[in-house]
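Listing of entry_29.txt, compact mmCIF, C-alpha atoms
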# COMPACT_ATOMS: atom_id res chain seq x y z
CA MET A 1 -140.72 -79.79 83.83
CA GLN A 2 -139.10 -79.81 80.41
CA GLN A 3 -135.61 -78.40 80.17
CA ASP A 4 -134.55 -75.78 77.63
CA TRP A 5 -131.49 -76.57 75.54
CA ILE A 6 -129.44 -74.52 73.12
CA ASP A 7 -128.53 -76.11 69.81
CA ILE A 8 -125.14 -74.64 68.82
CA THR A 9 -124.66 -75.29 65.13
CA LEU A 10 -121.31 -74.74 63.45
CA SER A 11 -120.98 -75.01 59.68
CA VAL A 12 -117.53 -75.90 58.29
CA SER A 13 -116.26 -76.96 54.89
CA VAL A 14 -116.31 -80.66 54.05
CA GLN A 15 -112.49 -80.61 53.96
CA ASP A 16 -112.31 -79.39 57.59
CA ALA A 17 -115.12 -81.59 58.90
CA GLU A 18 -113.07 -84.38 60.50
CA SER A 19 -110.75 -82.02 62.40
CA ALA A 20 -113.66 -79.83 63.48
CA GLN A 21 -115.64 -82.81 64.79
CA LEU A 22 -112.74 -83.84 67.01
CA LEU A 23 -112.26 -80.32 68.39
CA ILE A 24 -115.97 -79.68 68.95
CA GLY A 25 -116.56 -83.13 70.45
CA GLU A 26 -114.03 -82.33 73.18
CA SER A 27 -116.26 -79.45 74.32
CA SER A 28 -119.58 -81.28 74.38
CA PRO A 29 -120.53 -83.39 77.42
CA TYR A 30 -123.63 -84.64 75.56
CA GLY A 31 -122.06 -85.70 72.27
CA ILE A 32 -122.40 -84.11 68.85
CA TYR A 33 -124.78 -84.59 65.94
CA VAL A 34 -123.30 -84.20 62.45
CA GLU A 35 -125.21 -83.32 59.28
CA ASP A 36 -123.03 -84.35 56.35
CA TYR A 37 -124.74 -84.71 52.98
CA SER A 38 -121.58 -84.52 50.85
CA ARG A 39 -121.78 -88.21 49.83
CA LEU A 40 -125.50 -88.75 50.16
CA GLU A 41 -126.13 -90.84 47.04
CA GLU A 42 -122.95 -92.93 47.45
CA GLU A 43 -123.64 -93.71 51.08
CA THR A 44 -127.21 -94.62 50.30
CA ARG A 45 -126.05 -97.20 47.76
CA GLU A 46 -123.24 -98.49 49.99
CA ILE A 47 -125.30 -99.21 53.09
CA ALA A 48 -128.67 -99.84 51.41
CA HIS A 49 -130.88 -97.32 53.16
CA ILE A 50 -134.58 -97.72 52.60
CA ASP A 51 -136.79 -94.67 52.11
CA LEU A 52 -133.99 -92.34 53.11
CA ILE A 53 -133.52 -89.88 50.25
CA ASP A 54 -136.33 -87.42 49.88
CA LYS A 55 -136.54 -84.01 48.26
CA ASP A 56 -135.62 -82.16 51.44
CA LEU A 57 -132.44 -84.19 51.81
CA LEU A 58 -131.46 -83.84 48.16
CA ALA A 59 -131.68 -80.06 48.54
CA LYS A 60 -129.16 -79.99 51.41
CA ASP A 61 -125.81 -78.18 51.15
CA ARG A 62 -123.15 -80.65 49.86
CA GLU A 63 -120.16 -78.31 50.36
CA HIS A 64 -120.46 -77.85 54.12
CA VAL A 65 -120.99 -80.03 57.17
CA LYS A 66 -123.12 -78.88 60.09
CA ILE A 67 -122.01 -79.95 63.54
CA HIS A 68 -124.57 -79.64 66.32
CA LEU A 69 -123.83 -79.71 70.01
CA TYR A 70 -126.35 -79.22 72.77
CA ILE A 71 -125.85 -77.18 75.91
CA ALA A 72 -128.38 -76.71 78.70
CA ALA A 73 -129.61 -73.13 78.68
CA GLU A 74 -128.30 -72.46 82.19
CA GLU A 75 -124.77 -73.67 81.30
CA ASN A 76 -123.76 -70.48 79.47
CA PRO A 77 -123.83 -71.55 75.80
CA ARG A 78 -122.23 -68.27 74.69
CA GLU A 79 -119.13 -69.06 76.75
CA ALA A 80 -119.01 -72.58 75.33
CA LEU A 81 -119.29 -71.18 71.80
CA ALA A 82 -116.46 -68.71 72.45
CA GLN A 83 -114.17 -71.51 73.65
CA ILE A 84 -114.98 -73.66 70.63
CA GLY A 85 -114.43 -70.68 68.33
CA GLU A 86 -110.94 -70.22 69.79
CA LYS A 87 -110.11 -73.88 69.14
CA LEU A 88 -111.33 -73.73 65.55
CA ALA A 89 -109.53 -70.46 64.88
CA GLY A 90 -106.34 -71.91 66.35
CA ALA A 91 -106.62 -74.82 63.93
CA GLY A 92 -107.24 -72.47 60.99
CA ILE A 93 -110.80 -73.74 60.46
CA ALA A 94 -113.30 -71.21 59.09
CA TYR A 95 -116.87 -71.58 60.34
CA THR A 96 -120.24 -69.93 60.68
CA GLU A 97 -122.41 -70.31 63.77
CA SER A 98 -126.00 -70.22 64.95
CA LEU A 99 -127.77 -70.79 68.26
CA ASN A 100 -131.33 -72.04 68.60
CA ALA A 101 -133.37 -72.77 71.70
CA ILE A 102 -135.14 -76.14 71.72
CA GLN A 103 -137.18 -78.21 74.13
CA GLN A 104 -135.90 -81.58 75.25
CA GLU A 105 -138.84 -83.28 73.53
CA ASP A 106 -137.93 -81.54 70.27
CA TRP A 107 -134.31 -82.71 70.64
CA ALA A 108 -135.35 -86.34 70.79
CA ASN A 109 -137.85 -86.03 67.95
CA ASN A 110 -135.41 -84.28 65.59
CA TRP A 111 -133.86 -87.68 64.91
CA LYS A 112 -137.05 -89.05 63.44
CA GLN A 113 -136.87 -86.91 60.31
CA TYR A 114 -134.01 -88.84 58.74
CA PHE A 115 -133.45 -92.03 60.72
CA HIS A 116 -135.05 -94.93 58.86
CA GLN A 117 -134.42 -98.65 58.42
CA VAL A 118 -130.92 -99.60 57.31
CA ASN A 119 -129.53 -103.01 56.34
CA ILE A 120 -125.90 -103.56 57.32
CA GLY A 121 -123.66 -106.35 56.07
CA LYS A 122 -125.33 -109.66 55.29
CA LYS A 123 -127.04 -110.40 58.58
CA MET A 124 -128.19 -107.23 60.36
CA CYS A 125 -130.89 -104.60 60.09
CA ILE A 126 -131.25 -101.52 62.28
CA CYS A 127 -134.72 -100.07 62.50
CA PRO A 128 -136.00 -97.11 64.54
CA SER A 129 -138.39 -98.13 67.28
CA TRP A 130 -141.23 -96.07 65.78
CA GLU A 131 -141.17 -98.10 62.52
CA GLN A 132 -141.73 -101.75 61.61
CA ALA A 133 -138.89 -103.39 59.66
CA GLN A 134 -139.86 -104.36 56.10
CA GLY A 135 -138.38 -106.96 53.73
CA VAL A 136 -135.69 -108.13 56.15
CA GLN A 137 -135.91 -111.84 55.21
CA ASP A 138 -133.24 -113.65 57.28
CA ARG A 139 -131.69 -110.54 58.84
CA ALA A 140 -131.66 -110.01 62.58
CA VAL A 141 -133.48 -106.75 63.40
CA LEU A 142 -132.27 -104.37 66.09
CA TYR A 143 -134.94 -101.84 67.08
CA LEU A 144 -133.25 -98.69 68.24
CA GLU A 145 -134.16 -95.44 69.96
CA PRO A 146 -131.10 -93.17 69.60
CA GLY A 147 -132.14 -90.86 72.44
CA MET A 148 -129.44 -88.38 73.38
CA ALA A 149 -126.58 -90.83 72.90
CA PHE A 150 -126.43 -90.09 69.18
CA GLY A 151 -126.02 -93.57 67.81
CA THR A 152 -128.11 -94.76 64.85
CA GLY A 153 -125.68 -97.20 63.26
CA THR A 154 -125.39 -95.34 59.96
CA HIS A 155 -121.92 -93.86 60.51
CA ALA A 156 -119.15 -95.53 58.51
CA THR A 157 -117.24 -96.59 61.64
CA THR A 158 -120.27 -98.36 63.10
CA CYS A 159 -121.02 -100.06 59.80
CA LEU A 160 -117.43 -101.28 59.62
CA CYS A 161 -117.65 -102.80 63.09
CA MET A 162 -120.96 -104.52 62.42
CA GLU A 163 -119.87 -105.93 59.07
CA VAL A 164 -116.68 -107.35 60.59
CA MET A 165 -118.48 -108.67 63.69
CA GLU A 166 -120.58 -110.96 61.49
CA ASP A 167 -117.46 -113.04 60.84
CA TYR A 168 -116.33 -113.35 64.46
CA ILE A 169 -119.42 -113.58 66.67
CA THR A 170 -120.06 -117.26 67.36
CA PRO A 171 -122.94 -118.89 69.27
CA GLY A 172 -122.38 -118.70 73.01
CA CYS A 173 -119.48 -116.23 72.95
CA GLU A 174 -119.11 -113.32 75.39
CA VAL A 175 -118.57 -109.81 74.07
CA LEU A 176 -117.27 -106.52 75.48
CA ASP A 177 -118.16 -103.20 73.81
CA VAL A 178 -115.89 -100.34 74.93
CA GLY A 179 -117.51 -96.95 74.31
CA CYS A 180 -120.91 -98.54 73.75
CA GLY A 181 -122.93 -95.38 73.06
CA SER A 182 -126.57 -96.35 72.52
CA GLY A 183 -125.67 -100.05 72.66
CA ILE A 184 -125.67 -100.86 68.94
CA LEU A 185 -122.64 -103.14 68.82
CA ALA A 186 -123.30 -105.01 72.07
CA LEU A 187 -126.93 -105.66 71.15
CA SER A 188 -126.01 -106.60 67.58
CA ALA A 189 -123.62 -109.18 69.03
CA LEU A 190 -126.47 -110.73 71.00
CA LEU A 191 -128.66 -110.84 67.90
CA LEU A 192 -125.80 -112.53 66.05
CA GLY A 193 -125.70 -115.29 68.67
CA ALA A 194 -123.53 -114.10 71.56
CA LYS A 195 -124.52 -115.45 74.97
CA ARG A 196 -123.73 -112.26 76.87
CA ALA A 197 -122.63 -108.74 75.96
CA GLU A 198 -121.22 -106.12 78.27
CA GLY A 199 -120.99 -102.45 77.28
CA VAL A 200 -119.23 -99.57 78.99
CA ASP A 201 -119.41 -95.85 78.29
CA ILE A 202 -118.25 -92.77 80.19
CA ASP A 203 -121.56 -90.98 79.45
CA GLU A 204 -124.38 -91.90 81.83
CA LYS A 205 -126.98 -90.83 79.25
CA ALA A 206 -125.51 -93.29 76.76
CA VAL A 207 -125.64 -96.09 79.35
CA LYS A 208 -129.27 -95.27 80.15
CA THR A 209 -130.17 -95.32 76.44
CA ALA A 210 -128.31 -98.61 75.93
CA ARG A 211 -130.22 -100.25 78.76
CA GLU A 212 -133.52 -99.04 77.35
CA ASN A 213 -132.57 -100.38 73.90
CA ALA A 214 -131.68 -103.75 75.44
CA ALA A 215 -135.11 -104.00 77.07
CA ARG A 216 -136.76 -102.84 73.83
CA ASN A 217 -135.19 -105.80 72.02
CA GLY A 218 -136.10 -108.35 74.67
CA PHE A 219 -132.71 -108.75 76.38
CA ASP A 220 -132.61 -108.98 80.17
CA GLU A 221 -129.93 -107.61 82.50
CA ALA A 222 -128.11 -110.95 82.59
CA GLN A 223 -127.63 -110.94 78.81
CA ALA A 224 -126.96 -107.23 78.25
CA VAL A 225 -124.92 -105.47 80.94
CA PHE A 226 -124.20 -101.74 80.56
CA THR A 227 -121.90 -99.88 82.94
CA GLN A 228 -120.81 -96.26 83.25
CA GLY A 229 -117.04 -96.01 83.40
CA ASP A 230 -113.89 -94.76 81.71
CA LEU A 231 -112.71 -97.40 79.23
CA THR A 232 -112.05 -100.65 81.15
CA GLU A 233 -111.73 -99.26 84.69
CA LYS A 234 -114.88 -101.06 85.87
CA ILE A 235 -114.58 -104.17 83.70
CA HIS A 236 -113.67 -107.59 85.10
CA GLY A 237 -113.06 -110.97 83.52
CA SER A 238 -112.19 -111.90 79.95
CA PHE A 239 -114.13 -112.00 76.70
CA ASP A 240 -114.16 -113.85 73.40
CA VAL A 241 -114.73 -110.76 71.27
CA ILE A 242 -113.99 -107.12 72.20
CA VAL A 243 -115.20 -104.23 70.06
CA ALA A 244 -114.27 -100.57 70.36
CA ASN A 245 -115.71 -97.98 68.00
CA ILE A 246 -113.81 -94.96 69.32
CA VAL A 247 -111.29 -92.38 68.09
CA ALA A 248 -107.62 -93.15 67.50
CA ASP A 249 -106.26 -91.36 70.57
CA VAL A 250 -108.58 -93.33 72.84
CA ILE A 251 -107.70 -96.59 71.07
CA VAL A 252 -104.06 -95.88 71.94
CA LEU A 253 -105.03 -95.46 75.60
CA LEU A 254 -107.14 -98.61 75.49
CA CYS A 255 -104.17 -100.63 74.20
CA ARG A 256 -102.35 -100.13 77.50
CA ASP A 257 -104.47 -102.68 79.34
CA ILE A 258 -106.90 -104.29 76.90
CA THR A 259 -104.90 -107.52 76.65
CA ALA A 260 -105.71 -108.20 80.33
CA PHE A 261 -109.30 -108.87 79.21
CA MET A 262 -108.36 -111.08 76.26
CA LYS A 263 -108.07 -114.85 76.16
CA GLU A 264 -105.58 -116.50 73.82
CA HIS A 265 -108.22 -116.78 71.08
CA THR A 266 -109.94 -113.42 71.74
CA VAL A 267 -110.52 -111.16 68.76
CA LEU A 268 -110.32 -107.38 69.22
CA ILE A 269 -112.19 -105.28 66.64
CA VAL A 270 -111.44 -101.55 66.63
CA SER A 271 -112.90 -98.85 64.42
CA GLY A 272 -112.95 -95.05 64.34
CA VAL A 273 -109.42 -94.58 62.97
CA ILE A 274 -108.94 -92.00 60.23
CA GLU A 275 -106.17 -92.64 57.70
CA PRO A 276 -103.70 -90.04 59.06
CA SER A 277 -103.84 -91.79 62.47
CA GLU A 278 -103.10 -95.28 61.14
CA ALA A 279 -99.39 -95.26 62.00
CA GLN A 280 -100.14 -94.11 65.54
CA VAL A 281 -102.53 -96.96 66.29
CA LEU A 282 -100.38 -99.57 64.55
CA GLU A 283 -97.49 -98.63 66.82
CA ALA A 284 -99.77 -98.92 69.86
CA PHE A 285 -100.85 -102.39 68.69
CA ARG A 286 -97.21 -103.42 68.30
CA GLN A 287 -96.21 -102.17 71.73
CA CYS A 288 -98.95 -104.10 73.51
CA GLY A 289 -98.33 -107.31 71.59
CA LEU A 290 -101.32 -107.32 69.24
CA ALA A 291 -101.10 -108.68 65.71
CA VAL A 292 -103.30 -107.31 62.92
CA LEU A 293 -105.35 -110.10 61.36
CA ARG A 294 -107.45 -107.94 59.08
CA LYS A 295 -107.89 -104.35 57.96
CA GLU A 296 -111.02 -102.86 56.40
CA GLN A 297 -111.79 -99.39 55.07
CA LYS A 298 -114.93 -97.38 54.39
CA GLU A 299 -114.53 -93.82 53.14
CA ASP A 300 -111.57 -92.40 55.14
CA TRP A 301 -112.22 -94.65 58.14
CA LEU A 302 -110.29 -97.79 59.03
CA SER A 303 -111.08 -100.79 61.18
CA PHE A 304 -108.71 -103.50 62.41
CA VAL A 305 -109.13 -107.03 63.68
CA LEU A 306 -106.44 -108.02 66.16
CA GLN A 307 -105.33 -110.92 68.29
CA LYS A 308 -102.57 -111.51 70.81
CA LYS A 309 -99.28 -112.45 69.16

Please express what this file holds, its structure, as C-alpha cells.
Amino acid sequence: MQQDWIDITLSVSVQDAESAQLLIGESSPYGIYVEDYSRLEEETREIAHIDLIDKDLLAKDREHVKIHLYIAAEENPREALAQIGEKLAGAGIAYTESLNAIQQEDWANNWKQYFHQVNIGKKMCICPSWEQAQGVQDRAVLYLEPGMAFGTGTHATTCLCMEVMEDYITPGCEVLDVGCGSGILALSALLLGAKRAEGVDIDEKAVKTARENAARNGFDEAQAVFTQGDLTEKIHGSFDVIVANIVADVIVLLCRDITAFMKEHTVLIVSGVIEPSEAQVLEAFRQCGLAVLRKEQKEDWLSFVLQKK
C-alpha cells in the first residue's frame, strides 16, 4: 500500500537561504529538497548542464528559495511545522509556508522534471537512470536514481568534491565516503579507477539508494560497500582517499578521529563549508594534525584537501 506524505514547503529570501536550510534540515529525518533558481543561468554555464533550462524554469522566482521537507502523514506534520516556525522566528528569518499531500510514487517522480545529464570536471558525467547519456566522449558516466536520499550531484559542494577527486583518485586506491547520501562520490571514485569504495551514512534510506545505484552501475558488493552508521563508528581499516561532503559542524566532529583511518599518504577531501565557518574548520584541522594542501571555492562553498602533517 502506498504511503501518504506531506510536502512542507517553506519559502525564504535568498539572503536567508543558507541559515534556513541548516535549521530546517535539523528537523527532517528524510532530508530536504531545495529549489533555488537565483543563479540559474550562471550555474548552468558553470557546470555545463544539458537540456536543463526550459521556459518553466526561467519563469521561477529568483528572489526566494523554496525548501521542501517530507513528513509521513501520520507523523503530525502540523506539529513539525510549528517547531520549524519557532526556529526560523528565533533566527529572525521571515518565511511563508504551504502543505501538500503527495503519494510516495509522486515524491520519487518529482525529481524527473529537472534532473538531467550533467558533466562535472573533466572526467565525469552524471546521468539520471531514465535517460541515456549523450555526447560524453571520454567521460565516465554514473547513472543515478536519486530516490529519497536527495543527491543528484548538481549542488556546488558535490561538484567541488568530484572536481577535486579527479586529481587524487589513482588506479587501485581504496576510498571512504563519509555521509555518502545516494552514493555519488563513492561510485564516482570507482569510475575514476578506485579498486574499492566504502560509504557510510546515518540515513538507512540513503544507504539503500546508494546500494541500488551501485548495482545500477555494475558494481558488486565487494567493490562498493555501503553501511548505515554515524560518521566512522562502524568503519574499520585505513584508506588512500577519504571524502566527506557534509556541513562544517559535522566536519569538526569528524576531525576528532578521522586520522585513525588515514595512512601517511592519505588525502582527505572535505566539502560543505560555507565561508563564515572557515575559521572553525581550519582550527579543527590544526588541532587534529591535518595540513591544508589545497582550497577550492564555488559560490559561497569551500572545499579543502588535507593530509597528515

Rank A:Ile67, A:Val243, A:Leu268, A:Cys173 by their smallest atom-to-atom distance to Thr157 (chain A), using all atoms listed in the file, and report the top residue only.
A:Val243

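Nearest residue to Leu23 (chain A) among A:Val136, A:Ile242, A:Ile93, A:Ala72 is A:Ile93, counting all atoms listed in the file.
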
Which residues are near region 3-13 of chain A? Cut-off 9 Å, only C-alpha atoms, ignore same chain within fewer than 2 positions. Put them as a ChimeraX atom specification.
/A:1,15-17,20,63-74,77,81,93-105,107

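Coordinates place CA of Gly183 (chain A) at a distance of 7.5 Å from CA of Thr209 (chain A).
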
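Compared by their closest atoms to Gly25 (chain A), and using all atoms listed in the file, the residues A:Ala156, A:Ala91, A:Ile169, A:Val247 rank with A:Val247 nearest.
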
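Between CA of Gln297 (chain A) and CA of Asp240 (chain A) the interatomic distance comes to 23.5 Å.
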
Given the choices A:Asn213, A:Gln132, A:Gln307, A:Gln228, which gets closest to Cys255 (chain A) if the distance is worked out from all atoms listed in the file?
A:Gln307

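Rounded to one decimal, CA of Leu254 (chain A) and CA of Thr266 (chain A) lie 15.5 Å from each other.
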